Every structure is written in structure tokens, then in C-alpha cells.
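Just below is one structure, and these are the notes that go with it.
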Amino acid sequence: MKIVTEIVMPQLAESLVSATIDKWLKQPGDTIEMYEPICEIITDKVNAELPSTLEGIIVKILVGAGENVPVGTPVCLVEVEEEGSAALPPAGTSSGAGNGSRSAQGAAALSSVGAA
């Protein structure tokens, strides 16, 4: 399943509050890889390339070249593959919880025997 998510202007330095998009290196429809430069940005102190934080396809550019953007502002939208339920444990793996409750019952039974 595909979802659309944002890439935001990062805080490149502690004192940085905004940066200017100088030039887009990628356009809508372009495939991008993780860490691949997507645009050039200019700050008071440094010129840098903004690396992608996602892997996918650029859907829309939200900020034009020459625009000053506050840190945390979305600069573009990227369509990515949703990491679905593959990361979830398979159904029916609650046997570990059952064993844990049996151990607790066993410990309770032992303490009862010891108290008698």
C-alpha cells in the first residue's frame, strides 16, 4: 500500500530557524532514494544539499525556489510504500503469555506449599 508523506526543512544547526530553497534537484514524478539530495538550500552560514529522509516518488513540491522556509515546514510530498503488518507478530503467538501465567500459577502453588 502506498502512502504520501512529507519531507520537512531540517534544523541543520542549533541557531538555524529558516533556510531558502535555492534549486530543486528532483521534480514531481522523480524516484528518490534515502539520503539522495533533493534540493539545494541556502542559510546564513552555509549552502547545502537537502538529503531525502525517505525512499519513494516525489508527488508535489510545496516550496518554490527562492522561498525562505522555517525549520519544520514541509517542503515536498513523497509517495512511499507503507511498511504494513509485516512488522507485527503473527496471529496465535500468545503462547508465551500463557507460559508466563502458568509460571505465575506454579509459583503461587509453591508458595502455598511452603506456607503449609
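Following the order of the C-alpha cells, chains are lettered A, B, ..., residues in each are numbered from 1, and ligands are numbered from 1.
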Original post:
What's the 12 Å shell around Ala19 of chain A, counting only C-alpha atoms, without same-chain residues fewer than 3 positions away, as a ChimeraX atom specification?
Top reply: /A:8-13,15-16,22,39-50,63,65-73,75
**OP:** Could you give me, as a ChimeraX atom specification, the residues within 12 Å of Val78 of chain A, counting only C-alpha atoms and dropping anything in the same chain fewer than 3 positions from it?
**Re:** /A:2-8,26-34,38,52-62,74-75,81-82
